[in-house]
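Undergrad: One structure follows; several queries about it will come next.
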Amino acid sequence: MSFRASFITLYPEAFPGPLGVSILDRAREDGLWSLDLVELRDFGLGKHRQVDEKPAGGGAGLVLRPDVAAAAIDSLPKDNRPIIYPSPRGVPFSQEIAQNWTSGEGIVFFCGRFEGLDERVIEARNMIEVSLGDYVLAGGEVAAMAMLEATLRLMPGVAGNHASVEDESFSGGLLEYPQYTLPRLWEGRETPSVLTSGDHKRVDEWRNQQSKALTKARRPDLWAAFPHGPELRASETDDEHD
Ligand code: ADE
């Protein structure tokens with residue numbers, strides 16, 4: 001069964017964008033997923049195909065009409081896919097959400113613009129608001145594409161090396177350790193000698209220690225949530241105290 005991604009948007013020309021290159025493009029050609037676009041403008045009202053109106057109660061900007069939004073949503077076949085509304089008000093997107101979405105039939109993304117979307121259609125169509133982070137984008141397209149990209153690359157057969165998907169930042173609750181390659185000496189900077197020692201146990205220990213130090217320094221929130229079991233504590237190196 002192929003994963004189906006639908007985007008409802010006023011800007012179909014924004015797609016496929018980065019979803020049309022590299023491993024995601026190959027995966028789409030291989031039939032692992034498909035993309036389709038619904039143009040919100042097609043459901044607009046009157047000669048000008050209007051999709052928005054002034055906010056009730058006054059204020060700046062324009063709000064997308066619920067009848068127009070619902071008509072676009074209802075033009076898609078009824079299925080079990082979640083309808084995601086990317087919005088800074090949403091629950092924070094995460095690797096865990098991406099992981100959950102990979103096992104589903106697909107996703108419908110409703111890409112908003114303007115000041116927002118009438119609240120009634122969010123409720124009536126059970127839309128789930130999801131945020132990419134604590135900042136405001138001009139619209140939902142980039143956020144929707146980022147969420148889909150994070151989801152698709154976790155599907156078996158999409159990323160070439162599944163070990164690299166499992167080993168990376170967040171899967172284990174820690175940030176990824178630093179990487180090095182050739183040349184061993186570049187602009188006076190050397191690759192850490194442990195990495196060229198051939199001692200795999202020491203390499204693993206070094207990487208683990210680096211991951212912990214980075215997480216502690218950059219992401220105290222992740223570090224606080226990391227399970228500090230006694231067995232982990234025992235394997236920690238001397239320069240770490242918490
Ligand atoms: N639309 C505008 N800003 C957004 C954000 N931070 N996350 C998701 N969708 C958005």
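Within each chain, counting starts at residue 1; across the structure tokens, chains are named A, B, ... in the order shown, with ligands numbered 1 upward in that order.
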As a quick test: using only C-alpha atoms and all ligand atoms, which residues lie no more than 6 Å away from ligand 1? Give them as an MDAnalysis selection string.
TA: chainID A and resid 86:88 131:140 143
Undergrad: Keeping only N, CA, C and O atoms, take the residues you just selected and write them out as an mmCIF file, in the first residue's frame.
TA:
```
data_model
loop_
_atom_site.group_PDB
_atom_site.id
_atom_site.type_symbol
_atom_site.label_atom_id
_atom_site.label_comp_id
_atom_site.auth_asym_id
_atom_site.auth_seq_id
_atom_site.Cartn_x
_atom_site.Cartn_y
_atom_site.Cartn_z
ATOM 1 N N PRO A 86 -0.952 22.907 9.395
ATOM 2 C CA PRO A 86 0.270 23.483 9.963
ATOM 3 C C PRO A 86 -0.017 24.892 10.470
ATOM 4 O O PRO A 86 -0.560 25.724 9.747
ATOM 5 N N SER A 87 0.330 25.125 11.733
ATOM 6 C CA SER A 87 0.004 26.394 12.372
ATOM 7 C C SER A 87 0.906 26.593 13.582
ATOM 8 O O SER A 87 1.190 25.630 14.305
ATOM 9 N N PRO A 88 1.348 27.829 13.810
ATOM 10 C CA PRO A 88 2.187 28.045 14.999
ATOM 11 C C PRO A 88 1.455 27.770 16.315
ATOM 12 O O PRO A 88 2.077 27.662 17.352
ATOM 13 N N SER A 131 2.631 22.429 14.757
ATOM 14 C CA SER A 131 3.569 23.538 14.558
ATOM 15 C C SER A 131 4.974 23.031 14.262
ATOM 16 O O SER A 131 5.424 22.041 14.841
ATOM 17 N N LEU A 132 5.652 23.735 13.381
ATOM 18 C CA LEU A 132 7.046 23.395 13.076
ATOM 19 C C LEU A 132 7.990 23.987 14.123
ATOM 20 O O LEU A 132 9.109 23.514 14.285
ATOM 21 N N GLY A 133 7.563 25.002 14.831
ATOM 22 C CA GLY A 133 8.438 25.604 15.835
ATOM 23 C C GLY A 133 7.894 26.958 16.242
ATOM 24 O O GLY A 133 6.916 27.448 15.677
ATOM 25 N N ASP A 134 8.557 27.571 17.204
ATOM 26 C CA ASP A 134 8.066 28.828 17.762
ATOM 27 C C ASP A 134 8.534 30.037 16.967
ATOM 28 O O ASP A 134 9.374 30.821 17.428
ATOM 29 N N TYR A 135 8.010 30.133 15.758
ATOM 30 C CA TYR A 135 8.260 31.273 14.873
ATOM 31 C C TYR A 135 7.126 31.252 13.872
ATOM 32 O O TYR A 135 6.419 30.237 13.755
ATOM 33 N N VAL A 136 6.924 32.351 13.147
ATOM 34 C CA VAL A 136 5.771 32.427 12.251
ATOM 35 C C VAL A 136 6.231 32.484 10.799
ATOM 36 O O VAL A 136 6.982 33.377 10.408
ATOM 37 N N LEU A 137 5.807 31.502 10.027
ATOM 38 C CA LEU A 137 6.094 31.461 8.591
ATOM 39 C C LEU A 137 4.988 32.213 7.859
ATOM 40 O O LEU A 137 3.949 32.520 8.435
ATOM 41 N N ALA A 138 5.208 32.480 6.570
ATOM 42 C CA ALA A 138 4.204 33.216 5.800
ATOM 43 C C ALA A 138 3.015 32.341 5.429
ATOM 44 O O ALA A 138 1.949 32.835 5.076
ATOM 45 N N GLY A 139 3.193 31.035 5.507
ATOM 46 C CA GLY A 139 2.110 30.127 5.155
ATOM 47 C C GLY A 139 2.490 28.710 5.525
ATOM 48 O O GLY A 139 3.610 28.462 5.988
ATOM 49 N N GLY A 140 1.570 27.786 5.300
ATOM 50 C CA GLY A 140 1.783 26.410 5.754
ATOM 51 C C GLY A 140 2.587 25.521 4.822
ATOM 52 O O GLY A 140 2.950 24.407 5.204
ATOM 53 N N ALA A 143 6.138 24.422 6.028
ATOM 54 C CA ALA A 143 5.978 23.585 7.223
ATOM 55 C C ALA A 143 5.459 22.199 6.837
ATOM 56 O O ALA A 143 5.963 21.176 7.318
#
```
Undergrad: Using only C-alpha atoms, determine which residues lie at most 12 Å from Leu148 of chain A, disregarding the query and same-chain residues fewer than 2 positions distant; provide the list as JSON, numbers by chain.
TA: {"A": [3, 4, 5, 6, 7, 16, 18, 19, 24, 33, 34, 35, 84, 86, 93, 94, 95, 97, 98, 99, 100, 101, 102, 106, 107, 108, 109, 132, 141, 142, 143, 144, 145, 146, 150, 151, 152, 153, 154, 155]}
Undergrad: I need the residues of chain A that end up classed as strand (DSSP E) by DSSP on the backbone, written out as number ranges by chain.
TA: A: 3-9, 33-39, 52-53, 63-64, 83-92, 106-110, 116-117, 128-131, 185-186, 189-190
Undergrad: Which neighbours of Val38 of chain A fall inside 9 Å, counting only C-alpha atoms, when residues of the same chain fewer than 5 positions from it are skipped, and could you give them as a PyMOL selection string?
TA: chain A and resi 6-10+12+72-73+75-76
Undergrad: For the selection just defined, write its residues with N, CA, C and O atoms to a file, as an mmCIF file, in the first residue's frame.
TA:
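The file below, out_35.cif, is the result:
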```
data_model
loop_
_atom_site.group_PDB
_atom_site.id
_atom_site.type_symbol
_atom_site.label_atom_id
_atom_site.label_comp_id
_atom_site.auth_asym_id
_atom_site.auth_seq_id
_atom_site.Cartn_x
_atom_site.Cartn_y
_atom_site.Cartn_z
ATOM 1 N N SER A 6 -1.615 14.523 0.290
ATOM 2 C CA SER A 6 -2.398 15.531 -0.431
ATOM 3 C C SER A 6 -2.162 16.885 0.213
ATOM 4 O O SER A 6 -2.152 16.989 1.451
ATOM 5 N N PHE A 7 -1.977 17.904 -0.611
ATOM 6 C CA PHE A 7 -1.799 19.266 -0.113
ATOM 7 C C PHE A 7 -2.914 20.134 -0.653
ATOM 8 O O PHE A 7 -3.109 20.208 -1.868
ATOM 9 N N ILE A 8 -3.633 20.786 0.229
ATOM 10 C CA ILE A 8 -4.613 21.789 -0.183
ATOM 11 C C ILE A 8 -3.904 23.130 -0.055
ATOM 12 O O ILE A 8 -3.405 23.470 1.023
ATOM 13 N N THR A 9 -3.819 23.869 -1.151
ATOM 14 C CA THR A 9 -2.967 25.065 -1.155
ATOM 15 C C THR A 9 -3.466 26.106 -2.156
ATOM 16 O O THR A 9 -4.091 25.767 -3.157
ATOM 17 N N LEU A 10 -3.121 27.348 -1.888
ATOM 18 C CA LEU A 10 -3.354 28.433 -2.864
ATOM 19 C C LEU A 10 -2.158 28.567 -3.799
ATOM 20 O O LEU A 10 -2.213 29.308 -4.773
ATOM 21 N N PRO A 12 0.009 26.040 -5.662
ATOM 22 C CA PRO A 12 0.469 24.717 -6.129
ATOM 23 C C PRO A 12 1.867 24.772 -6.745
ATOM 24 O O PRO A 12 2.575 23.766 -6.743
ATOM 25 N N ALA A 72 -12.963 22.193 -0.309
ATOM 26 C CA ALA A 72 -11.685 21.649 -0.789
ATOM 27 C C ALA A 72 -11.378 20.321 -0.096
ATOM 28 O O ALA A 72 -11.000 19.334 -0.746
ATOM 29 N N ILE A 73 -11.575 20.283 1.216
ATOM 30 C CA ILE A 73 -11.311 19.045 1.975
ATOM 31 C C ILE A 73 -12.245 17.931 1.498
ATOM 32 O O ILE A 73 -11.820 16.792 1.268
ATOM 33 N N SER A 75 -13.569 17.467 -1.281
ATOM 34 C CA SER A 75 -13.349 17.005 -2.665
ATOM 35 C C SER A 75 -12.417 15.793 -2.691
ATOM 36 O O SER A 75 -12.326 15.102 -3.699
ATOM 37 N N LEU A 76 -11.733 15.543 -1.558
ATOM 38 C CA LEU A 76 -10.836 14.379 -1.478
ATOM 39 C C LEU A 76 -11.650 13.147 -1.085
ATOM 40 O O LEU A 76 -12.660 13.275 -0.388
#
```
Undergrad: Per DSSP on the backbone, what are the helix (DSSP H, G or I) residues of segment 11-231 of chain A, as a PyMOL selection string?
TA: chain A and resi 12-14+17-20+22-29+40-43+66-74+95-102+119-124+141-152+162-167+193-196+200-218+220-225+230-231
Undergrad: Which residue gives the smallest distance to Ser211 of chain A among A:Glu96, A:Asp25, A:Glu176, A:Glu105, with only C-alpha atoms counted?
TA: A:Glu176
Undergrad: Work out how far apart atom CA of Leu182 of chain A and atom CA of Val203 of chain A are and give it in Å to one decimal.
TA: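 Calculated distance between atom CA of Leu182 of chain A and atom CA of Val203 of chain A is 16.7 Å.
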Undergrad: Work out how far apart atom CA of Val68 of chain A and atom CA of Phe43 of chain A are and give it in Å to one decimal.
TA: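 Computing the Euclidean distance for atom CA of Val68 of chain A and atom CA of Phe43 of chain A yields 5.6 Å.
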Undergrad: Using only C-alpha atoms, pick whichever of A:Leu214, A:Val158, A:Met147, A:Ala69 has the shortest atom-to-atom distance to Pro178 of chain A.
TA: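 That would be A:Leu214, the residue with the smallest distance to Pro178 of chain A.
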Undergrad: Using only C-alpha atoms, determine which residues lie at most 12 Å from Ile122 of chain A, disregarding the query and same-chain residues fewer than 3 positions distant; provide the list as a list in words.
TA: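 Counting only C-alpha atoms, the residues come to Leu64, Arg65, Pro66, Asp67, Ala69, Ala70, Ile73, Ile83, Ile84, Tyr85, Pro86, Ser87, Gly90, Phe110, Gly112, Gly116, Leu117, Asp118, Glu119, Arg125, Asn126, Met127, Ile128 and Glu129 of chain A.
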Undergrad: What lies within 10 Å of Leu195 of chain A using only C-alpha atoms, ignoring chain neighbours under 6 positions off, as a PyMOL selection string?
TA: chain A and resi 179-181+202-204+206-207
